[in-house]
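> What follows is final-v9.txt, compact mmCIF, C-alpha atoms.
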```txt
# COMPACT_ATOMS: atom_id res chain seq x y z
CA MET J 1 2.01 -68.25 73.68
CA THR J 2 4.92 -68.08 76.11
CA GLU J 3 6.33 -64.91 77.61
CA MET J 4 8.83 -62.86 75.64
CA ILE J 5 12.35 -63.48 76.84
CA ASN J 6 14.71 -60.56 77.41
CA PRO J 7 18.01 -60.61 75.53
CA LYS J 8 20.86 -62.07 77.53
CA ILE J 9 24.40 -60.82 77.62
CA ILE J 10 26.68 -63.83 77.87
CA VAL J 11 30.22 -63.06 78.96
CA VAL J 12 32.65 -65.90 78.37
CA HIS J 13 35.91 -64.86 79.98
CA ASP J 14 38.28 -66.69 82.33
CA ASP J 15 40.02 -63.67 83.78
CA ILE J 16 37.33 -61.41 85.18
CA PRO J 17 35.30 -61.80 88.38
CA ASP J 18 31.61 -61.15 88.72
CA THR J 19 32.55 -57.91 90.51
CA HIS J 20 34.64 -56.61 87.61
CA PRO J 21 33.56 -53.10 86.53
CA ILE J 22 32.40 -54.28 83.13
CA MET J 23 30.18 -56.94 84.70
CA VAL J 24 28.77 -54.37 87.11
CA MET J 25 28.06 -51.91 84.30
CA LEU J 26 26.45 -54.57 82.11
CA LYS J 27 24.17 -55.58 84.99
CA VAL J 28 23.27 -51.97 85.70
CA ASN J 29 22.42 -51.42 82.04
CA HIS J 30 20.67 -54.71 81.26
CA GLY J 31 19.56 -56.17 84.61
CA ASP J 32 21.22 -58.68 86.91
CA ASP J 33 19.28 -61.63 85.53
CA ASN J 34 20.21 -60.87 81.96
CA VAL J 35 23.97 -60.88 82.32
CA LEU J 36 25.70 -64.21 82.79
CA LEU J 37 29.39 -64.89 83.25
CA PHE J 38 31.05 -68.16 82.27
CA LYS J 39 34.68 -68.62 83.25
CA HIS J 40 35.11 -71.82 81.27
CA SER J 41 34.70 -71.58 77.51
CA GLN J 42 33.04 -75.00 77.17
CA GLU J 43 30.41 -74.04 79.74
CA GLY J 44 29.74 -70.78 77.90
CA LEU J 45 29.45 -72.62 74.61
CA ASP J 46 27.10 -75.22 76.11
CA TYR J 47 24.86 -72.53 77.55
CA VAL J 48 24.59 -70.72 74.22
CA LEU J 49 23.84 -73.89 72.27
CA ASP J 50 21.27 -75.01 74.84
CA ASN J 51 19.45 -71.68 74.68
CA LEU J 52 19.34 -70.82 70.99
CA GLY J 53 15.77 -69.62 71.36
CA THR J 54 16.92 -66.79 73.61
CA LYS J 55 18.22 -63.61 72.07
CA MET J 56 21.85 -63.39 73.06
CA ILE J 57 24.86 -61.19 72.70
CA VAL J 58 28.04 -63.08 73.46
CA LEU J 59 31.04 -61.19 74.74
CA LEU J 60 33.80 -63.65 74.09
CA ASP J 61 37.38 -63.64 75.28
CA LYS J 62 39.80 -64.77 72.62
CA ASN J 63 42.33 -66.40 74.90
CA PHE J 64 41.66 -69.02 77.53
CA TYR J 65 44.34 -70.57 79.69
CA GLY J 66 44.39 -74.24 80.62
CA ASN J 67 44.48 -77.47 78.67
CA LYS J 68 40.77 -78.13 78.96
CA GLU J 69 39.70 -74.75 77.60
CA ILE J 70 38.81 -74.17 73.97
CA SER J 71 39.77 -70.84 72.46
CA GLY J 72 37.32 -68.00 71.90
CA VAL J 73 37.77 -68.36 68.14
CA ARG J 74 36.72 -72.02 68.28
CA VAL J 75 33.74 -71.17 70.50
CA PHE J 76 32.71 -68.61 67.87
CA GLU J 77 33.07 -71.21 65.13
CA LYS J 78 31.01 -73.81 67.00
CA ILE J 79 28.20 -71.34 67.70
CA ARG J 80 28.17 -70.32 64.03
CA GLU J 81 27.77 -73.94 63.03
CA LYS J 82 24.38 -73.83 64.76
CA THR J 83 23.09 -70.32 64.27
CA SER J 84 23.67 -67.03 62.54
CA LEU J 85 21.34 -65.26 64.98
CA VAL J 86 23.67 -64.84 67.95
CA TYR J 87 25.80 -61.73 67.85
CA MET J 88 29.32 -62.19 69.11
CA ILE J 89 31.88 -59.63 70.13
CA LEU J 90 35.42 -60.90 70.47
CA ILE J 91 37.46 -59.12 73.12
CA THR J 92 41.16 -59.59 73.62
CA VAL J 93 44.25 -58.06 75.08
CA SER J 94 46.11 -59.29 71.97
CA LYS J 95 46.67 -57.25 68.83
CA ILE J 96 44.59 -58.10 65.78
CA THR J 97 47.83 -58.83 63.93
CA GLU J 98 48.40 -61.72 66.30
CA LEU J 99 45.36 -63.52 64.94
CA ASP J 100 46.01 -66.41 62.61
CA ASP J 101 45.13 -65.51 58.98
CA GLU J 102 42.67 -68.38 58.62
CA ASP J 103 40.97 -67.51 61.90
CA LEU J 104 40.68 -63.88 60.85
CA LYS J 105 39.10 -64.84 57.52
CA MET J 106 36.69 -67.18 59.28
CA LEU J 107 35.67 -64.51 61.81
CA ILE J 108 34.95 -61.99 59.06
CA ASN J 109 33.25 -64.43 56.70
CA LYS J 110 31.03 -65.82 59.43
CA ASP J 111 29.94 -62.41 60.65
CA LEU J 112 31.74 -61.65 63.86
CA PHE J 113 29.83 -58.58 64.99
CA LYS J 114 32.79 -56.66 66.44
CA PHE J 115 36.36 -57.11 67.55
CA GLU J 116 37.55 -54.94 70.42
CA SER J 117 40.59 -54.60 72.61
CA PHE J 118 40.03 -55.36 76.27
CA THR J 119 41.46 -52.28 77.90
CA SER J 120 40.49 -50.21 80.91
CA ASP J 121 38.14 -48.15 78.72
CA TYR J 122 35.06 -50.34 79.08
CA SER J 123 32.75 -47.76 77.54
CA LYS J 124 33.69 -48.98 74.06
CA ILE J 125 32.64 -52.53 74.88
CA LEU J 126 29.44 -51.38 76.55
CA LYS J 127 28.61 -49.34 73.45
CA LEU J 128 29.23 -52.38 71.23
CA VAL J 129 26.83 -54.43 73.33
CA ASP J 130 24.17 -51.73 72.94
CA ASP J 131 24.81 -51.59 69.18
CA ALA J 132 24.52 -55.35 68.93
CA LEU J 133 21.22 -55.36 70.83
CA LEU J 134 19.81 -52.65 68.59
CA ASP J 135 21.01 -54.44 65.47
CA LEU J 136 19.56 -57.73 66.64
CA SER J 137 16.19 -56.15 67.35
CA ILE J 138 15.76 -54.94 63.76
CA ARG J 139 17.05 -57.99 61.90
CA ILE J 140 14.18 -59.74 60.17
CA ASP J 141 15.57 -63.20 60.86
CA SER J 142 15.87 -62.33 64.51
CA VAL J 143 12.32 -60.96 64.57
CA ILE J 144 11.01 -64.17 62.97
CA GLU J 145 12.94 -66.22 65.52
CA GLU J 146 11.36 -64.23 68.33
CA TRP J 147 7.90 -64.71 66.80
CA ILE J 148 8.37 -68.47 66.47
CA MET J 149 9.76 -68.85 69.97
CA ARG J 150 6.68 -67.15 71.40
CA HIS J 151 4.58 -70.15 70.30
CA SER J 152 4.09 -73.32 72.30
CA GLN J 153 6.17 -76.37 71.36
CA GLU J 154 3.01 -78.02 70.05
CA ALA J 155 2.33 -75.11 67.70
CA ARG J 156 5.97 -75.06 66.61
CA ASN J 157 5.73 -78.71 65.60
CA ARG J 158 2.70 -78.19 63.37
CA PRO J 159 3.22 -77.72 59.60
CA LEU J 160 3.64 -74.07 58.68
CA ILE J 161 4.40 -74.14 54.97
CA LYS J 162 3.93 -76.70 52.25
CA ASP J 163 5.82 -76.98 49.00
CA LYS J 164 4.31 -78.45 45.89
CA ASP J 165 7.09 -80.98 45.79
CA GLY J 166 5.27 -82.56 48.73
CA LYS J 167 7.46 -81.31 51.59
CA THR J 168 6.04 -79.56 54.63
CA TYR J 169 7.97 -77.52 57.17
CA SER J 170 7.04 -76.77 60.77
CA MET J 171 7.87 -73.52 62.55
CA ASP J 172 10.81 -75.22 64.23
CA GLN J 173 12.12 -76.45 60.88
CA VAL J 174 11.78 -72.97 59.40
CA LEU J 175 13.58 -71.56 62.43
CA GLU J 176 16.37 -74.11 62.09
CA SER J 177 16.72 -73.16 58.45
CA ILE J 178 16.81 -69.46 59.32
CA ARG J 179 19.54 -70.08 61.87
CA GLN J 180 21.51 -72.08 59.32
CA GLN J 181 20.65 -69.62 56.54
CA THR J 182 19.53 -72.42 54.21
CA GLU J 183 17.02 -72.05 51.38
CA ILE J 184 13.68 -72.52 53.16
CA GLY J 185 14.56 -70.05 55.90
CA VAL J 186 16.01 -67.49 53.55
CA GLU J 187 12.94 -67.73 51.31
CA PHE J 188 10.68 -67.30 54.34
CA GLU J 189 12.55 -64.11 55.28
CA ARG J 190 12.43 -62.87 51.69
CA ASN J 191 8.69 -63.47 51.35
CA LEU J 192 7.94 -61.75 54.66
CA LEU J 193 9.93 -58.72 53.53
CA LYS J 194 8.13 -58.71 50.19
CA LEU J 195 4.79 -58.88 51.95
CA ALA J 196 5.75 -55.99 54.21
CA ILE J 197 6.70 -53.97 51.15
CA GLU J 198 3.46 -54.94 49.36
CA ILE J 199 1.46 -53.64 52.31
CA PHE J 200 3.65 -50.58 52.76
CA SER J 201 3.45 -49.67 49.07
CA ARG J 202 -0.32 -49.46 49.38
CA GLN J 203 -0.05 -46.97 52.23
CA LYS J 204 -1.30 -43.57 51.10
CA LEU J 205 1.36 -40.90 51.34
CA LEU J 206 0.65 -38.24 53.92
CA THR J 207 0.66 -34.77 52.50
CA ASN J 208 0.33 -31.35 54.04
CA ASP J 209 -2.50 -30.20 51.82
CA MET Y 1 -13.38 -76.34 19.92
CA ILE Y 2 -10.16 -75.81 21.82
CA ASN Y 3 -8.45 -79.15 22.13
CA THR Y 4 -7.15 -79.43 25.68
CA VAL Y 5 -5.13 -82.24 27.21
CA ILE Y 6 -4.93 -82.29 31.02
CA ALA Y 7 -2.46 -84.54 32.82
CA TYR Y 8 -3.00 -84.65 36.58
CA ASP Y 9 -1.73 -86.87 39.36
CA HIS Y 10 -4.73 -87.42 41.58
CA ASN Y 11 -2.98 -90.37 43.26
CA ASP Y 12 -0.09 -88.42 44.74
CA VAL Y 13 0.11 -89.10 48.47
CA ASP Y 14 0.66 -85.51 49.54
CA LEU Y 15 -0.91 -83.44 46.82
CA GLY Y 16 -3.23 -85.78 44.92
CA SER Y 17 -6.28 -84.06 46.33
CA TYR Y 18 -4.90 -80.64 45.38
CA PHE Y 19 -4.07 -81.75 41.84
CA ASN Y 20 -7.51 -83.33 41.52
CA SER Y 21 -9.21 -80.12 42.68
CA SER Y 22 -7.13 -78.19 40.14
CA TYR Y 23 -8.27 -80.56 37.42
CA LEU Y 24 -11.93 -80.20 38.42
CA TYR Y 25 -11.56 -76.42 38.40
CA ILE Y 26 -10.64 -76.55 34.70
CA ASN Y 27 -12.89 -79.43 33.75
CA ASP Y 28 -15.80 -77.50 35.21
CA LEU Y 29 -15.47 -75.17 32.22
CA VAL Y 30 -16.61 -77.88 29.82
CA GLY Y 31 -20.03 -76.74 28.69
CA LYS Y 32 -19.34 -73.17 29.78
CA SER Y 33 -16.68 -72.59 27.16
CA ASN Y 34 -15.65 -73.99 23.84
CA ILE Y 35 -13.21 -76.62 25.08
CA SER Y 36 -12.81 -80.32 24.48
CA VAL Y 37 -10.90 -82.03 27.29
CA THR Y 38 -8.85 -85.20 27.14
CA SER Y 39 -7.72 -86.13 30.64
CA ILE Y 40 -4.92 -88.43 31.69
CA ASN Y 41 -4.65 -89.12 35.39
CA GLY Y 42 -2.54 -90.81 38.06
CA GLY Y 43 -0.50 -93.76 36.90
CA ASN Y 44 -1.61 -93.15 33.33
CA CYS Y 45 0.64 -90.11 33.18
CA LEU Y 46 3.26 -91.89 31.12
CA GLU Y 47 5.28 -90.48 28.27
CA SER Y 48 3.70 -92.92 25.81
CA ASN Y 49 0.16 -91.99 26.84
CA ILE Y 50 0.92 -88.30 26.62
CA ASN Y 51 2.45 -88.75 23.20
CA ASN Y 52 -0.57 -90.72 22.01
CA ALA Y 53 -2.97 -88.05 23.23
CA VAL Y 54 -1.05 -85.06 21.91
CA SER Y 55 0.35 -86.22 18.56
CA PRO Y 56 -2.99 -86.41 16.73
CA ILE Y 57 -3.95 -82.86 17.69
CA ASN Y 58 -0.65 -81.00 17.43
CA PRO Y 59 -0.89 -80.07 13.74
CA ASN Y 60 -3.28 -77.39 15.06
CA ASN Y 61 -3.01 -75.14 18.09
CA PHE Y 62 -4.01 -76.82 21.35
CA VAL Y 63 -3.70 -76.44 25.12
CA PHE Y 64 -1.74 -78.75 27.41
CA VAL Y 65 -2.16 -78.55 31.19
CA GLY Y 66 0.21 -80.34 33.62
CA LEU Y 67 -0.93 -80.69 37.23
CA SER Y 68 1.66 -82.79 39.04
CA HIS Y 69 5.16 -82.65 40.43
CA GLY Y 70 7.91 -81.19 38.34
CA SER Y 71 11.64 -80.64 38.21
CA ASP Y 72 14.14 -78.91 35.97
CA ASP Y 73 13.93 -81.96 33.73
CA GLY Y 74 10.19 -82.14 33.32
CA LEU Y 75 6.81 -83.18 34.65
CA CYS Y 76 6.70 -86.36 36.68
CA LEU Y 77 4.95 -88.54 39.18
CA ILE Y 78 6.81 -88.91 42.48
CA ALA Y 79 9.56 -91.53 42.20
CA ASP Y 80 8.65 -92.22 38.60
CA ASP Y 81 9.84 -91.30 35.12
CA ASN Y 82 9.06 -87.95 33.57
CA TYR Y 83 6.02 -87.94 31.35
CA VAL Y 84 7.06 -84.66 29.78
CA SER Y 85 10.78 -84.05 29.33
CA GLY Y 86 13.37 -83.30 26.67
CA ASN Y 87 12.40 -86.66 25.18
CA ASN Y 88 9.04 -85.43 23.99
CA THR Y 89 9.07 -81.63 24.01
CA SER Y 90 8.79 -81.68 20.22
CA ILE Y 91 5.23 -83.05 20.35
CA PHE Y 92 4.16 -79.84 22.08
CA VAL Y 93 4.57 -77.86 18.90
CA ASN Y 94 1.60 -75.46 18.54
CA SER Y 95 0.71 -75.78 22.22
CA PHE Y 96 -0.18 -73.30 24.91
CA PHE Y 97 1.59 -75.18 27.69
CA TYR Y 98 0.31 -74.39 31.18
CA SER Y 99 1.55 -76.08 34.33
CA THR Y 100 1.49 -75.48 38.07
CA ALA Y 101 4.34 -77.92 38.74
CA CYS Y 102 7.52 -76.84 40.48
CA HIS Y 103 10.62 -75.79 38.56
CA ILE Y 104 9.65 -76.49 34.98
CA GLY Y 105 9.71 -72.83 33.99
CA ARG Y 106 13.46 -72.82 34.46
CA GLU Y 107 14.71 -75.29 31.84
CA LEU Y 108 11.84 -77.21 30.30
CA SER Y 109 10.09 -74.01 29.19
CA LYS Y 110 13.08 -73.09 27.03
CA GLN Y 111 13.12 -76.49 25.37
CA LEU Y 112 9.39 -76.35 24.75
CA ILE Y 113 9.59 -72.94 23.12
CA ASN Y 114 12.62 -73.96 21.05
CA ASP Y 115 10.63 -76.96 19.82
CA GLY Y 116 7.68 -74.91 18.63
CA CYS Y 117 5.47 -74.52 21.71
CA LYS Y 118 3.60 -71.23 21.24
CA CYS Y 119 3.49 -70.07 24.83
CA PHE Y 120 4.39 -71.37 28.27
CA ILE Y 121 3.08 -70.40 31.69
CA GLY Y 122 4.54 -72.06 34.78
CA TYR Y 123 6.76 -71.81 37.83
CA THR Y 124 10.53 -71.36 37.87
CA ASN Y 125 11.00 -72.65 41.40
CA VAL Y 126 9.28 -74.65 44.13
CA SER Y 127 5.71 -73.46 44.23
CA LYS Y 128 3.65 -73.47 47.39
CA ALA Y 129 0.39 -75.15 48.35
CA PRO Y 130 -1.65 -74.17 51.40
CA ILE Y 131 -1.57 -76.20 54.60
CA ALA Y 132 -5.21 -75.59 55.49
CA GLY Y 133 -7.94 -76.93 53.20
CA LYS Y 134 -9.87 -73.67 53.33
CA TYR Y 135 -7.21 -71.97 51.19
CA VAL Y 136 -7.03 -74.64 48.46
CA GLU Y 137 -9.64 -73.03 46.25
CA LEU Y 138 -7.94 -69.65 46.53
CA PHE Y 139 -4.49 -70.97 45.60
CA ILE Y 140 -5.94 -72.86 42.63
CA GLU Y 141 -7.92 -69.81 41.56
CA CYS Y 142 -4.77 -67.71 41.59
CA GLU Y 143 -2.49 -70.06 39.69
CA LEU Y 144 -5.09 -71.13 37.10
CA HIS Y 145 -6.63 -67.68 36.69
CA ALA Y 146 -5.04 -67.03 33.30
CA LEU Y 147 -5.96 -70.45 31.94
CA LYS Y 148 -9.57 -70.25 33.08
CA ASN Y 149 -10.02 -66.83 31.50
CA PHE Y 150 -8.23 -67.93 28.36
CA PHE Y 151 -11.11 -70.34 27.85
CA LEU Y 152 -13.77 -67.84 28.90
CA SER Y 153 -12.61 -64.75 27.01
CA THR Y 154 -10.79 -63.62 23.90
CA LYS Y 155 -8.07 -61.73 25.77
CA SER Y 156 -4.46 -62.36 24.79
CA ILE Y 157 -2.22 -64.68 26.80
CA GLN Y 158 -0.06 -61.74 27.87
CA VAL Y 159 -3.06 -59.75 29.08
CA LEU Y 160 -4.37 -62.79 30.92
CA PHE Y 161 -1.00 -63.40 32.54
CA ASP Y 162 -0.83 -59.77 33.71
CA GLU Y 163 -4.37 -60.00 35.04
CA MET Y 164 -3.47 -63.18 36.92
CA ILE Y 165 -0.60 -61.39 38.64
CA SER Y 166 -2.89 -58.48 39.55
CA PHE Y 167 -5.55 -60.88 40.79
CA THR Y 168 -2.97 -62.63 42.97
CA ASP Y 169 -1.78 -59.23 44.25
CA GLU Y 170 -5.30 -58.47 45.43
CA LYS Y 171 -5.63 -61.82 47.16
CA ILE Y 172 -2.26 -61.37 48.88
CA ILE Y 173 -3.42 -58.09 50.36
CA GLU Y 174 -6.78 -59.56 51.36
CA LEU Y 175 -5.00 -62.36 53.20
CA ALA Y 176 -2.54 -59.98 54.81
CA ASN Y 177 -5.35 -57.72 55.98
CA GLY Y 178 -6.63 -60.63 57.99
CA THR Y 179 -4.49 -62.98 59.98
CA ASP Y 180 -3.39 -65.15 57.08
CA ILE Y 181 0.16 -63.86 56.79
CA VAL Y 182 1.85 -67.17 56.05
CA GLU Y 183 -0.61 -67.92 53.23
CA ALA Y 184 -0.06 -64.41 51.86
CA MET Y 185 3.68 -65.10 51.87
CA ALA Y 186 3.14 -68.39 50.02
CA LEU Y 187 1.09 -66.61 47.37
CA ILE Y 188 3.84 -64.01 47.01
CA ALA Y 189 6.32 -66.80 46.28
CA ASN Y 190 3.98 -68.35 43.72
CA ARG Y 191 3.34 -65.01 42.04
CA ASP Y 192 7.03 -64.23 41.78
CA TYR Y 193 7.98 -67.65 40.41
CA MET Y 194 5.28 -67.63 37.73
CA ILE Y 195 6.49 -66.76 34.24
CA CYS Y 196 5.04 -66.41 30.77
CA VAL Y 197 7.39 -67.39 27.95
CA GLY Y 198 6.94 -66.92 24.21
CA THR Y 199 7.47 -64.39 21.47
CA ASP Y 200 5.48 -61.16 21.66
CA ALA Y 201 3.46 -62.38 18.69
CA ASP Y 202 2.61 -65.65 20.40
CA LYS Y 203 1.82 -63.97 23.69
CA ALA Y 204 -0.75 -61.95 21.72
CA LEU Y 205 -2.62 -65.15 20.77
CA THR Y 206 -6.15 -65.58 22.09
CA SER Y 207 -8.58 -68.46 22.40
CA ASN Y 208 -9.81 -67.58 18.91
CA ASP Y 209 -6.42 -68.73 17.57
CA PHE Y 210 -6.91 -72.12 19.22
CA ASN Y 211 -10.45 -72.83 18.06
```
Would you mind giving the structure from this file in structure tokens?


Amino acid sequence: MTEMINPKIIVVHDDIPDTHPIMVMLKVNHGDDNVLLFKHSQEGLDYVLDNLGTKMIVLLDKNFYGNKEISGVRVFEKIREKTSLVYMILITVSKITELDDEDLKMLINKDLFKFESFTSDYSKILKLVDDALLDLSIRIDSVIEEWIMRHSQEARNRPLIKDKDGKTYSMDQVLESIRQQTEIGVEFERNLLKLAIEIFSRQKLLTND
Amino acid sequence: MINTVIAYDHNDVDLGSYFNSSYLYINDLVGKSNISVTSINGGNCLESNINNAVSPINPNNFVFVGLSHGSDDGLCLIADDNYVSGNNTSIFVNSFFYSTACHIGRELSKQLINDGCKCFIGYTNVSKAPIAGKYVELFIECELHALKNFFLSTKSIQVLFDEMISFTDEKIIELANGTDIVEAMALIANRDYMICVGTDADKALTSNDFN
């Protein structure tokens, strides 16, 4: 087993310094080592995709300036192509009405956690980060991911489940399927929930008499 | 005697051993119950061989057991033609059709019943097998529980099906009480995909009706 990894808060924003009040508050609340700032969207995206086994909340700026930068919406889309288990909060100084219709549909349909204006009232954003962390901690898919990631790579490569159509799936394959929300992963989540309910339903009710 | 035809693919690369163990589990009842078994294995599981084995006995009630891969279309060997499909469902008239193959409860069961099969028990989706050998006997015991007790008792098919679900429930909890969570989850999937299809009257049939 490897050590449990603390959730990381990944801020991808080109217009705030490391000394910005929101960065300071995030570090106070979650620890210096757990808050990372990326000023270039591609670097932020690369970090997230290279660390999918780490629980992450991504605070993502919508607008990036410069020809080499990809927009926050595209970063969101590319992360969603790989995993449904990273919570993302899109922050912007723009109005929501300025979002392209197709982008807005995509953000909603692919589960953007929250959308918030980037104003001087940082408490709203800090609260959203706390909400996201709480939500992530009680999601069954996220809990399974954490359980799998606590195993060694060797254990994660060993077969975990076997179908009677002859296919076997390792922990890593189940995890990949959970992140992509495809059938094997979804069924794994469903069966774990059913098992929990089976066990729970056999729990004797406590009474006062 | 209860005429029983068992088709099993003991040659399958991944699951041949499992299918063979399933076959032996049932065949072990010869001598302990009133059954007469005709077995068709491996590469002999062809539509023509199945038809030849079943046609002479189907004027009377009989039992058919399929232990191999399956799909929505029927029972099959990997990368080979179906040996039970819409082509030959009509020969299973008067059968109690029991299979542990994946998927066949979804479509094939309907065709079988429409063509005069008395009762069907099988899976509606991809069923699970255990990774570790020590759980093989348990998984087989769970999924063949109703069939075994059909031969050993005079309980109705419906009662036996319900008892199989309860039996599997108990085993799920036993596994979960230990450290065998993944196996418990696999048994939950199997339990939930297992169906019994037939009219109420046919589900009330017992082994006495097949003697």

> With 12 Å as the cut-off and only C-alpha atoms counted, what is the closest atom pair between each nearby residue of chain J and chain Y? Distances in Å to one decimal, ordered by chain and number, as JSON lines.


```
{"residue": "J:Ile144", "atom": "CA", "partner": "Y:Val182", "partner_atom": "CA", "distance": 11.9}
{"residue": "J:Arg158", "atom": "CA", "partner": "Y:Ile131", "partner_atom": "CA", "distance": 10.0}
{"residue": "J:Pro159", "atom": "CA", "partner": "Y:Ile131", "partner_atom": "CA", "distance": 7.1}
{"residue": "J:Leu160", "atom": "CA", "partner": "Y:Ile131", "partner_atom": "CA", "distance": 7.0}
{"residue": "J:Ile161", "atom": "CA", "partner": "Y:Ile131", "partner_atom": "CA", "distance": 6.3}
{"residue": "J:Lys162", "atom": "CA", "partner": "Y:Ala129", "partner_atom": "CA", "distance": 5.5}
{"residue": "J:Asp163", "atom": "CA", "partner": "Y:Lys128", "partner_atom": "CA", "distance": 4.4}
{"residue": "J:Lys164", "atom": "CA", "partner": "Y:Lys128", "partner_atom": "CA", "distance": 5.2}
{"residue": "J:Asp165", "atom": "CA", "partner": "Y:His69", "partner_atom": "CA", "distance": 5.9}
{"residue": "J:Gly166", "atom": "CA", "partner": "Y:Asp14", "partner_atom": "CA", "distance": 5.5}
{"residue": "J:Lys167", "atom": "CA", "partner": "Y:Asp14", "partner_atom": "CA", "distance": 8.3}
{"residue": "J:Thr168", "atom": "CA", "partner": "Y:Ile131", "partner_atom": "CA", "distance": 8.3}
{"residue": "J:Tyr169", "atom": "CA", "partner": "Y:Ile131", "partner_atom": "CA", "distance": 10.0}
{"residue": "J:Ser170", "atom": "CA", "partner": "Y:Ile131", "partner_atom": "CA", "distance": 10.6}
{"residue": "J:Met171", "atom": "CA", "partner": "Y:Val182", "partner_atom": "CA", "distance": 10.9}
{"residue": "J:Val174", "atom": "CA", "partner": "Y:Val182", "partner_atom": "CA", "distance": 12.0}
{"residue": "J:Glu183", "atom": "CA", "partner": "Y:Val126", "partner_atom": "CA", "distance": 10.9}
{"residue": "J:Ile184", "atom": "CA", "partner": "Y:Val126", "partner_atom": "CA", "distance": 10.3}
{"residue": "J:Glu187", "atom": "CA", "partner": "Y:Ala189", "partner_atom": "CA", "distance": 8.4}
{"residue": "J:Phe188", "atom": "CA", "partner": "Y:Met185", "partner_atom": "CA", "distance": 7.7}
{"residue": "J:Glu189", "atom": "CA", "partner": "Y:Met185", "partner_atom": "CA", "distance": 9.6}
{"residue": "J:Arg190", "atom": "CA", "partner": "Y:Met185", "partner_atom": "CA", "distance": 9.0}
{"residue": "J:Asn191", "atom": "CA", "partner": "Y:Met185", "partner_atom": "CA", "distance": 5.3}
{"residue": "J:Leu192", "atom": "CA", "partner": "Y:Met185", "partner_atom": "CA", "distance": 6.1}
{"residue": "J:Leu193", "atom": "CA", "partner": "Y:Met185", "partner_atom": "CA", "distance": 9.1}
{"residue": "J:Lys194", "atom": "CA", "partner": "Y:Ile188", "partner_atom": "CA", "distance": 7.5}
{"residue": "J:Leu195", "atom": "CA", "partner": "Y:Met185", "partner_atom": "CA", "distance": 6.3}
{"residue": "J:Ala196", "atom": "CA", "partner": "Y:Ala176", "partner_atom": "CA", "distance": 9.2}
{"residue": "J:Ile197", "atom": "CA", "partner": "Y:Ile173", "partner_atom": "CA", "distance": 11.0}
{"residue": "J:Glu198", "atom": "CA", "partner": "Y:Ile173", "partner_atom": "CA", "distance": 7.6}
{"residue": "J:Ile199", "atom": "CA", "partner": "Y:Ile173", "partner_atom": "CA", "distance": 6.9}
{"residue": "J:Phe200", "atom": "CA", "partner": "Y:Ile173", "partner_atom": "CA", "distance": 10.6}
{"residue": "J:Ser201", "atom": "CA", "partner": "Y:Ile173", "partner_atom": "CA", "distance": 10.9}
{"residue": "J:Arg202", "atom": "CA", "partner": "Y:Ile173", "partner_atom": "CA", "distance": 9.2}
{"residue": "J:Gln203", "atom": "CA", "partner": "Y:Ile173", "partner_atom": "CA", "distance": 11.8}
```

> For the atom pair atom CA of Lys95 of chain J and atom CA of Lys8 of chain J, what is the interatomic distance in Å to one decimal place?

27.7 Å

> How many Å separate atom CA of Val129 of chain J from atom CA of Asp172 of chain J?

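According to the coordinates, atom CA of Val129 of chain J and atom CA of Asp172 of chain J are separated by 27.8 Å.
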
> What gap, in Å, lies between atom CA of Cys45 of chain Y and atom CA of Asn82 of chain Y?

8.7 Å

> Determine, counting only C-alpha atoms, which protein, DNA and RNA residues have an atom within 9 Å of an atom of Thr119 of chain J; residues of the same chain fewer than 2 positions away are not included. Present the result as a list in words.

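Once the adjacent positions are removed, what remains is Thr92, Val93, Glu116, Ser117, Asp121 and Tyr122 of chain J.
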
> Please, can segment 49-57 of chain Y be completed to N, CA and C atoms and returned as a PDB file, in the coordinates of the input?


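Result saved to part_7.pdb:
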```
ATOM      1  N   ASN Y  49       1.560 -92.418  26.863  1.00  0.00           N
ATOM      2  CA  ASN Y  49       0.160 -91.990  26.840  1.00  0.00           C
ATOM      3  C   ASN Y  49       0.019 -90.524  26.461  1.00  0.00           C
ATOM      4  N   ILE Y  50       0.948 -89.731  26.963  1.00  0.00           N
ATOM      5  CA  ILE Y  50       0.920 -88.300  26.620  1.00  0.00           C
ATOM      6  C   ILE Y  50       1.157 -88.144  25.121  1.00  0.00           C
ATOM      7  N   ASN Y  51       2.140 -88.852  24.620  1.00  0.00           N
ATOM      8  CA  ASN Y  51       2.450 -88.750  23.200  1.00  0.00           C
ATOM      9  C   ASN Y  51       1.244 -89.174  22.343  1.00  0.00           C
ATOM     10  N   ASN Y  52       0.586 -90.240  22.769  1.00  0.00           N
ATOM     11  CA  ASN Y  52      -0.570 -90.720  22.010  1.00  0.00           C
ATOM     12  C   ASN Y  52      -1.733 -89.721  22.020  1.00  0.00           C
ATOM     13  N   ALA Y  53      -1.867 -89.013  23.130  1.00  0.00           N
ATOM     14  CA  ALA Y  53      -2.970 -88.050  23.230  1.00  0.00           C
ATOM     15  C   ALA Y  53      -2.671 -86.765  22.469  1.00  0.00           C
ATOM     16  N   VAL Y  54      -1.411 -86.373  22.469  1.00  0.00           N
ATOM     17  CA  VAL Y  54      -1.050 -85.060  21.910  1.00  0.00           C
ATOM     18  C   VAL Y  54      -0.763 -85.130  20.403  1.00  0.00           C
ATOM     19  N   SER Y  55      -0.098 -86.178  19.974  1.00  0.00           N
ATOM     20  CA  SER Y  55       0.350 -86.220  18.560  1.00  0.00           C
ATOM     21  C   SER Y  55      -0.776 -86.013  17.547  1.00  0.00           C
ATOM     22  N   PRO Y  56      -1.949 -86.604  17.738  1.00  0.00           N
ATOM     23  CA  PRO Y  56      -2.990 -86.410  16.730  1.00  0.00           C
ATOM     24  C   PRO Y  56      -3.502 -84.972  16.636  1.00  0.00           C
ATOM     25  N   ILE Y  57      -3.360 -84.205  17.704  1.00  0.00           N
ATOM     26  CA  ILE Y  57      -3.950 -82.860  17.690  1.00  0.00           C
ATOM     27  C   ILE Y  57      -2.931 -81.747  17.467  1.00  0.00           C
TER      28      ILE Y  57
END
```
